[in-house]
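Data block for work14.pdb (PDB, C-alpha atoms):
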ATOM      1  CA  MET O  67      -3.664  -1.510  28.480  1.00  0.00           C
ATOM      2  CA  GLU O  68      -4.082   2.116  27.553  1.00  0.00           C
ATOM      3  CA  HIS O  69      -1.020   4.019  26.379  1.00  0.00           C
ATOM      4  CA  ALA O  70      -0.699   7.752  26.720  1.00  0.00           C
ATOM      5  CA  ILE O  71      -1.163   9.348  23.320  1.00  0.00           C
ATOM      6  CA  ASP O  72       1.964  11.162  22.180  1.00  0.00           C
ATOM      7  CA  PRO O  73       1.347  14.939  22.186  1.00  0.00           C
ATOM      8  CA  LEU O  74       2.467  15.135  18.548  1.00  0.00           C
ATOM      9  CA  VAL O  75      -0.064  12.473  17.561  1.00  0.00           C
ATOM     10  CA  ALA O  76      -2.753  14.229  19.618  1.00  0.00           C
ATOM     11  CA  SER O  77      -1.987  17.483  17.771  1.00  0.00           C
ATOM     12  CA  ALA O  78      -2.240  15.661  14.447  1.00  0.00           C
ATOM     13  CA  GLN O  79      -5.564  14.165  15.558  1.00  0.00           C
ATOM     14  CA  SER O  80      -6.867  17.666  16.241  1.00  0.00           C
ATOM     15  CA  GLY O  81      -6.103  18.675  12.643  1.00  0.00           C
ATOM     16  CA  ASP O  82      -2.572  20.088  12.908  1.00  0.00           C
ATOM     17  CA  ARG O  83      -1.068  19.189   9.514  1.00  0.00           C
ATOM     18  CA  ASP O  84       2.428  20.200  10.562  1.00  0.00           C
ATOM     19  CA  ALA O  85       2.197  17.770  13.486  1.00  0.00           C
ATOM     20  CA  PHE O  86       1.154  14.985  11.101  1.00  0.00           C
ATOM     21  CA  ARG O  87       4.082  15.845   8.811  1.00  0.00           C
ATOM     22  CA  ARG O  88       6.405  15.443  11.819  1.00  0.00           C
ATOM     23  CA  VAL O  89       4.719  12.122  12.690  1.00  0.00           C
ATOM     24  CA  VAL O  90       5.401  10.950   9.128  1.00  0.00           C
ATOM     25  CA  GLU O  91       9.036  12.058   9.376  1.00  0.00           C
ATOM     26  CA  ALA O  92       9.445  10.268  12.705  1.00  0.00           C
ATOM     27  CA  HIS O  93       7.983   6.961  11.515  1.00  0.00           C
ATOM     28  CA  SER O  94       8.648   6.801   7.772  1.00  0.00           C
ATOM     29  CA  HIS O  95      11.976   4.983   8.065  1.00  0.00           C
ATOM     30  CA  SER O  96      10.603   2.131  10.193  1.00  0.00           C
ATOM     31  CA  VAL O  97       7.457   1.855   8.040  1.00  0.00           C
ATOM     32  CA  PHE O  98       9.638   1.641   4.921  1.00  0.00           C
ATOM     33  CA  ARG O  99      11.803  -1.079   6.512  1.00  0.00           C
ATOM     34  CA  VAL O 100       8.724  -3.166   7.299  1.00  0.00           C
ATOM     35  CA  ALA O 101       7.251  -2.675   3.817  1.00  0.00           C
ATOM     36  CA  TYR O 102      10.558  -3.385   2.085  1.00  0.00           C
ATOM     37  CA  ARG O 103      11.172  -6.560   4.075  1.00  0.00           C
ATOM     38  CA  LEU O 104       7.673  -7.780   3.269  1.00  0.00           C
ATOM     39  CA  LEU O 105       7.792  -6.844  -0.420  1.00  0.00           C
ATOM     40  CA  GLY O 106      11.468  -7.081  -1.378  1.00  0.00           C
ATOM     41  CA  ASP O 107      11.067  -4.260  -3.887  1.00  0.00           C
ATOM     42  CA  GLU O 108      11.967  -0.643  -3.181  1.00  0.00           C
ATOM     43  CA  ALA O 109       9.371   0.955  -5.460  1.00  0.00           C
ATOM     44  CA  ALA O 110       6.577  -1.278  -4.156  1.00  0.00           C
ATOM     45  CA  ALA O 111       7.671  -0.540  -0.581  1.00  0.00           C
ATOM     46  CA  GLU O 112       7.592   3.201  -1.269  1.00  0.00           C
ATOM     47  CA  ASP O 113       4.050   2.834  -2.633  1.00  0.00           C
ATOM     48  CA  ALA O 114       3.053   0.864   0.465  1.00  0.00           C
ATOM     49  CA  VAL O 115       4.555   3.574   2.698  1.00  0.00           C
ATOM     50  CA  GLN O 116       2.538   6.277   0.935  1.00  0.00           C
ATOM     51  CA  GLU O 117      -0.622   4.191   1.234  1.00  0.00           C
ATOM     52  CA  THR O 118       0.152   3.554   4.909  1.00  0.00           C
ATOM     53  CA  PHE O 119       0.410   7.227   5.781  1.00  0.00           C
ATOM     54  CA  LEU O 120      -2.610   8.150   3.670  1.00  0.00           C
ATOM     55  CA  SER O 121      -4.631   5.481   5.447  1.00  0.00           C
ATOM     56  CA  ALA O 122      -3.255   6.564   8.834  1.00  0.00           C
ATOM     57  CA  TYR O 123      -4.193  10.178   8.120  1.00  0.00           C
ATOM     58  CA  ARG O 124      -7.727   9.183   7.188  1.00  0.00           C
ATOM     59  CA  ARG O 125      -8.081   6.968  10.262  1.00  0.00           C
ATOM     60  CA  LEU O 126      -6.141   9.111  12.722  1.00  0.00           C
ATOM     61  CA  ALA O 127      -9.257   9.970  14.705  1.00  0.00           C
ATOM     62  CA  SER O 128      -9.807   6.247  15.356  1.00  0.00           C
ATOM     63  CA  PHE O 129      -6.432   5.873  17.102  1.00  0.00           C
ATOM     64  CA  ASP O 130      -7.382   5.609  20.762  1.00  0.00           C
ATOM     65  CA  GLY O 131      -4.133   4.717  22.513  1.00  0.00           C
ATOM     66  CA  ARG O 132      -5.016   1.087  23.290  1.00  0.00           C
ATOM     67  CA  ALA O 133      -1.763   0.205  21.499  1.00  0.00           C
ATOM     68  CA  GLN O 134       1.367   2.247  20.969  1.00  0.00           C
ATOM     69  CA  PHE O 135       1.102   4.518  17.942  1.00  0.00           C
ATOM     70  CA  SER O 136       4.007   2.730  16.247  1.00  0.00           C
ATOM     71  CA  THR O 137       2.233  -0.624  16.688  1.00  0.00           C
ATOM     72  CA  TRP O 138      -0.972   0.816  15.212  1.00  0.00           C
ATOM     73  CA  LEU O 139       1.017   2.265  12.310  1.00  0.00           C
ATOM     74  CA  HIS O 140       2.905  -1.009  11.709  1.00  0.00           C
ATOM     75  CA  ARG O 141      -0.413  -2.846  11.536  1.00  0.00           C
ATOM     76  CA  ILE O 142      -1.538  -0.490   8.782  1.00  0.00           C
ATOM     77  CA  ALA O 143       1.847  -0.874   7.038  1.00  0.00           C
ATOM     78  CA  VAL O 144       1.646  -4.674   7.122  1.00  0.00           C
ATOM     79  CA  ASN O 145      -1.863  -4.570   5.657  1.00  0.00           C
ATOM     80  CA  ARG O 146      -0.856  -2.118   2.909  1.00  0.00           C
ATOM     81  CA  ALA O 147       2.231  -4.223   2.077  1.00  0.00           C
ATOM     82  CA  ILE O 148       0.079  -7.352   1.844  1.00  0.00           C
ATOM     83  CA  ASP O 149      -2.347  -5.469  -0.426  1.00  0.00           C
ATOM     84  CA  GLN O 150       0.583  -4.284  -2.558  1.00  0.00           C
ATOM     85  CA  ARG O 151       1.990  -7.817  -2.762  1.00  0.00           C
ATOM     86  CA  ARG O 152      -1.378  -9.127  -3.970  1.00  0.00           C
ATOM     87  CA  ARG O 153      -1.522  -6.397  -6.629  1.00  0.00           C
ATOM     88  CA  LEU O 154       1.977  -7.278  -7.813  1.00  0.00           C
ATOM     89  CA  LYS O 155       1.018 -10.948  -8.109  1.00  0.00           C
ATOM     90  CA  ARG O 156      -2.032 -10.023 -10.202  1.00  0.00           C
ATOM     91  CA  ASP O 157      -0.052  -7.694 -12.483  1.00  0.00           C
ATOM     92  CA  PRO O 158       3.114  -9.488 -13.651  1.00  0.00           C
ATOM     93  CA  ALA O 159       4.154  -6.392 -15.615  1.00  0.00           C
ATOM     94  CA  GLU O 160       5.176  -4.823 -12.313  1.00  0.00           C
ATOM     95  CA  PRO O 161       8.851  -5.266 -11.457  1.00  0.00           C
ATOM     96  CA  ALA O 162       9.607  -8.212  -9.183  1.00  0.00           C
ATOM     97  CA  ALA O 163      12.027  -8.223  -6.272  1.00  0.00           C
ATOM     98  CA  ASP O 164      15.632  -7.571  -7.191  1.00  0.00           C
ATOM     99  CA  ASP O 165      17.360 -10.816  -8.105  1.00  0.00           C
ATOM    100  CA  VAL O 166      20.735  -9.640  -6.907  1.00  0.00           C
ATOM    101  CA  ALA O 167      21.465 -10.574  -3.304  1.00  0.00           C
ATOM    102  CA  GLU O 168      23.272  -8.010  -1.229  1.00  0.00           C
ATOM    103  CA  VAL O 169      26.622  -9.241  -0.002  1.00  0.00           C
ATOM    104  CA  ASP O 170      28.183  -7.743   3.085  1.00  0.00           C
ATOM    105  CA  ALA O 171      31.938  -7.985   2.677  1.00  0.00           C
ATOM    106  CA  VAL O 172      33.720  -9.003   5.865  1.00  0.00           C
ATOM    107  CA  SER O 173      37.148  -8.240   4.479  1.00  0.00           C
ATOM    108  CA  GLU O 174      38.350  -6.007   1.671  1.00  0.00           C
ATOM    109  CA  ALA O 175      38.775  -8.977  -0.684  1.00  0.00           C
ATOM    110  CA  PRO O 176      36.386 -11.814   0.100  1.00  0.00           C
ATOM    111  CA  ARG O 177      37.173 -15.144  -1.472  1.00  0.00           C
ATOM    112  CA  PRO O 178      35.134 -15.985  -4.575  1.00  0.00           C
ATOM    113  CA  ASP O 179      33.753 -19.153  -2.970  1.00  0.00           C
ATOM    114  CA  ARG O 180      32.451 -17.119  -0.024  1.00  0.00           C
ATOM    115  CA  LEU O 181      30.899 -14.550  -2.342  1.00  0.00           C
ATOM    116  CA  LEU O 182      29.138 -17.300  -4.257  1.00  0.00           C
ATOM    117  CA  ALA O 183      27.933 -19.009  -1.066  1.00  0.00           C
ATOM    118  CA  SER O 184      26.728 -15.681   0.314  1.00  0.00           C
ATOM    119  CA  LYS O 185      24.870 -14.881  -2.899  1.00  0.00           C
ATOM    120  CA  GLN O 186      23.255 -18.328  -2.952  1.00  0.00           C
ATOM    121  CA  ALA O 187      22.235 -18.041   0.714  1.00  0.00           C
ATOM    122  CA  GLY O 188      20.800 -14.580   0.070  1.00  0.00           C
ATOM    123  CA  GLU O 189      18.782 -15.860  -2.887  1.00  0.00           C
ATOM    124  CA  ALA O 190      17.545 -18.836  -0.858  1.00  0.00           C
ATOM    125  CA  THR O 191      16.542 -16.504   1.987  1.00  0.00           C
ATOM    126  CA  ARG O 192      14.689 -14.181  -0.382  1.00  0.00           C
ATOM    127  CA  ARG O 193      12.878 -17.074  -2.067  1.00  0.00           C
ATOM    128  CA  GLN O 194      11.954 -18.613   1.271  1.00  0.00           C
ATOM    129  CA  LEU O 195      10.706 -15.285   2.664  1.00  0.00           C
ATOM    130  CA  GLU O 196       8.529 -14.934  -0.430  1.00  0.00           C
ATOM    131  CA  SER O 197       7.150 -18.438   0.069  1.00  0.00           C
ATOM    132  CA  LEU O 198       6.075 -17.766   3.662  1.00  0.00           C
ATOM    133  CA  SER O 199       2.449 -16.893   4.265  1.00  0.00           C
ATOM    134  CA  ASP O 200       1.682 -13.201   4.715  1.00  0.00           C
ATOM    135  CA  LEU O 201       1.192 -13.829   8.435  1.00  0.00           C
ATOM    136  CA  GLU O 202       4.480 -15.702   8.875  1.00  0.00           C
ATOM    137  CA  ARG O 203       6.452 -13.144   6.843  1.00  0.00           C
ATOM    138  CA  SER O 204       4.898 -10.233   8.736  1.00  0.00           C
ATOM    139  CA  ALA O 205       5.511 -11.804  12.151  1.00  0.00           C
ATOM    140  CA  PHE O 206       9.107 -12.710  11.235  1.00  0.00           C
ATOM    141  CA  VAL O 207       9.935  -9.242   9.891  1.00  0.00           C
ATOM    142  CA  LEU O 208       8.391  -7.458  12.857  1.00  0.00           C
ATOM    143  CA  ARG O 209      10.240  -9.709  15.322  1.00  0.00           C
ATOM    144  CA  HIS O 210      13.644 -10.294  13.727  1.00  0.00           C
ATOM    145  CA  VAL O 211      14.071  -7.168  11.626  1.00  0.00           C
ATOM    146  CA  GLU O 212      12.171  -4.539  13.601  1.00  0.00           C
ATOM    147  CA  GLY O 213      12.796  -6.078  17.034  1.00  0.00           C
ATOM    148  CA  ALA O 214       9.154  -5.814  18.083  1.00  0.00           C
ATOM    149  CA  SER O 215       7.972  -7.660  21.180  1.00  0.00           C
ATOM    150  CA  ILE O 216       5.494 -10.534  21.049  1.00  0.00           C
ATOM    151  CA  ALA O 217       2.830  -8.210  22.484  1.00  0.00           C
ATOM    152  CA  GLU O 218       3.521  -5.536  19.851  1.00  0.00           C
ATOM    153  CA  ILE O 219       3.449  -8.081  17.023  1.00  0.00           C
ATOM    154  CA  GLY O 220       0.237  -9.576  18.373  1.00  0.00           C
ATOM    155  CA  ALA O 221      -1.340  -6.133  18.499  1.00  0.00           C
ATOM    156  CA  ALA O 222      -0.132  -5.275  14.989  1.00  0.00           C
ATOM    157  CA  LEU O 223      -1.386  -8.535  13.501  1.00  0.00           C
ATOM    158  CA  ASP O 224      -4.447  -8.942  15.746  1.00  0.00           C
ATOM    159  CA  LEU O 225      -3.184 -12.239  17.195  1.00  0.00           C
ATOM    160  CA  LYS O 226      -3.065 -13.770  20.649  1.00  0.00           C
ATOM    161  CA  PRO O 227       0.452 -14.261  22.085  1.00  0.00           C
ATOM    162  CA  SER O 228       0.421 -18.013  21.416  1.00  0.00           C
ATOM    163  CA  ALA O 229      -0.590 -17.508  17.762  1.00  0.00           C
ATOM    164  CA  THR O 230       2.076 -14.801  17.407  1.00  0.00           C
ATOM    165  CA  LYS O 231       4.783 -17.104  18.761  1.00  0.00           C
ATOM    166  CA  GLN O 232       3.578 -19.922  16.521  1.00  0.00           C
ATOM    167  CA  ALA O 233       3.741 -17.738  13.389  1.00  0.00           C
ATOM    168  CA  ILE O 234       7.283 -16.638  14.256  1.00  0.00           C
ATOM    169  CA  PHE O 235       8.305 -20.224  15.043  1.00  0.00           C
ATOM    170  CA  ARG O 236       6.963 -21.520  11.716  1.00  0.00           C
ATOM    171  CA  ALA O 237       8.781 -18.776   9.789  1.00  0.00           C
ATOM    172  CA  VAL O 238      12.081 -19.379  11.580  1.00  0.00           C
ATOM    173  CA  HIS O 239      11.756 -23.144  11.131  1.00  0.00           C
ATOM    174  CA  LYS O 240      11.161 -22.787   7.380  1.00  0.00           C
ATOM    175  CA  LEU O 241      14.068 -20.359   6.997  1.00  0.00           C
ATOM    176  CA  ARG O 242      16.433 -22.593   8.963  1.00  0.00           C
ATOM    177  CA  ARG O 243      15.451 -25.570   6.841  1.00  0.00           C
ATOM    178  CA  ALA O 244      16.054 -23.564   3.643  1.00  0.00           C
ATOM    179  CA  LEU O 245      19.382 -22.189   4.860  1.00  0.00           C
ATOM    180  CA  GLY O 246      20.611 -25.475   6.368  1.00  0.00           C
ATOM    181  CA  PRO O 247      23.165 -26.218   3.623  1.00  0.00           C
ATOM    182  CA  TRP O 248      24.811 -22.795   3.979  1.00  0.00           C
ATOM    183  CA  VAL O 249      24.820 -22.825   7.759  1.00  0.00           C
ATOM    184  CA  ARG O 250      26.394 -26.301   7.885  1.00  0.00           C
ATOM    185  CA  SER O 251      29.041 -25.457   5.261  1.00  0.00           C
ATOM    186  CA  ARG O 252      29.962 -22.265   7.106  1.00  0.00           C
ATOM    187  CA  ASP O 253      30.203 -24.102  10.420  1.00  0.00           C
ATOM    188  CA  GLU O 254      32.342 -26.855   8.855  1.00  0.00           C
ATOM    189  CA  SER O 255      34.689 -24.324   7.219  1.00  0.00           C
ATOM    190  CA  THR O 256      35.470 -22.753  10.613  1.00  0.00           C
ATOM    191  CA  LEU O 257      36.514 -26.073  12.200  1.00  0.00           C
TER
END
Would you write out, as structure tokens, the structure that this file holds?
Amino acid sequence: MEHAIDPLVASAQSGDRDAFRRVVEAHSHSVFRVAYRLLGDEAAAEDAVQETFLSAYRRLASFDGRAQFSTWLHRIAVNRAIDQRRRLKRDPAEPAADDVAEVDAVSEAPRPDRLLASKQAGEATRRQLESLSDLERSAFVLRHVEGASIAEIGAALDLKPSATKQAIFRAVHKLRRALGPWVRSRDESTL
């Protein structure tokens, strides 16, 4: 299905640098979120974002509207994040993902046992996300963090709908299995 090309994107395609700057401003936050969720490291995500927009600028003429521009851009972002992740694995001197789990406080003074359980669950989630394949991690992040549809994820990852659903299912299944102890203990504490 052809999508109408956004006038701003069309202007950028015709060489308008100001239009491309506005495209970057409009999409940089969502591209960063995808890269950060895939990499778990702010500096690496920022590098992936820069590489994404550089690649998009170079390939802008090839965008033909068969997918939404954001889907096309997310596909580039996923590929750049995967490239960045591979570089980080090859060069251990690069900083790894932050070991401190973020804890969202529900009350002003959360109980220490809840803080510990939340930190442990956050660490388990981070470790499990890192252990997923690039495809599973990308599909999960696009679906459950970015809220992309199956069709958008399939277009971004070059997958058929059934393969897209399968990748998401595998990721969710692995995360549920890893988080089982924390989910059960939380459910039991509310009884």
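Note that CA of Ala222 (chain O) and CA of Trp138 (chain O) are 6.2 Å apart.
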Query - Residues matched by the PyMOL selection byres ((chain O and resi 195) around 10), written as a ChimeraX atom specification - result: /O:103-106,189-194,196-200,202-204,206-207,237-238,240-241,244
Could you tell me which residues the PyMOL selection byres ((chain O and resi 88) around 12) returns for this structure, as an mmCIF file with C-alpha atoms, keeping the file's coordinate frame?
data_model
loop_
_atom_site.group_PDB
_atom_site.id
_atom_site.type_symbol
_atom_site.label_atom_id
_atom_site.label_comp_id
_atom_site.auth_asym_id
_atom_site.auth_seq_id
_atom_site.Cartn_x
_atom_site.Cartn_y
_atom_site.Cartn_z
ATOM 1 C CA PRO O 73 1.347 14.939 22.186
ATOM 2 C CA LEU O 74 2.467 15.135 18.548
ATOM 3 C CA VAL O 75 -0.064 12.473 17.561
ATOM 4 C CA SER O 77 -1.987 17.483 17.771
ATOM 5 C CA ALA O 78 -2.240 15.661 14.447
ATOM 6 C CA ASP O 82 -2.572 20.088 12.908
ATOM 7 C CA ARG O 83 -1.068 19.189 9.514
ATOM 8 C CA ASP O 84 2.428 20.200 10.562
ATOM 9 C CA ALA O 85 2.197 17.770 13.486
ATOM 10 C CA PHE O 86 1.154 14.985 11.101
ATOM 11 C CA ARG O 87 4.082 15.845 8.811
ATOM 12 C CA VAL O 89 4.719 12.122 12.690
ATOM 13 C CA VAL O 90 5.401 10.950 9.128
ATOM 14 C CA GLU O 91 9.036 12.058 9.376
ATOM 15 C CA ALA O 92 9.445 10.268 12.705
ATOM 16 C CA HIS O 93 7.983 6.961 11.515
ATOM 17 C CA SER O 94 8.648 6.801 7.772
ATOM 18 C CA PHE O 119 0.410 7.227 5.781
#
Requested in this report: Check what the PyMOL selection byres ((chain O and resi 110) around 12) selects in the file above and give those residues as a ChimeraX atom specification.
Outcome: /O:98-109,111-117,146-155,160-164
Requested in this report: For region 122-137 of chain O, work out the shell of residues within 8 Å, counting all atoms listed in the file and skipping chain neighbours fewer than 5 positions away, then give it as a PyMOL selection string.
Outcome: chain O and resi 67-72+78-79+86+93+142+218-219+221-222
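Here CA of Leu208 (chain O) stands at a distance of 11.9 Å from CA of Lys231 (chain O).
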Requested in this report: State, in Å with one decimal place, the distance from CA of Pro227 (chain O) to CA of Gly246 (chain O).
Outcome: 27.9 Å
Edge lengths and centre in Å to one decimal, as lines of an AutoDock Vina configuration file, is what I'm after for the box along x, y and z that holds all listed atoms of region 220-233 of chain O once 6 Å is added on each side.
center_x = 0.2
center_y = -12.6
center_z = 17.7
size_x = 21.2
size_y = 26.6
size_z = 20.7
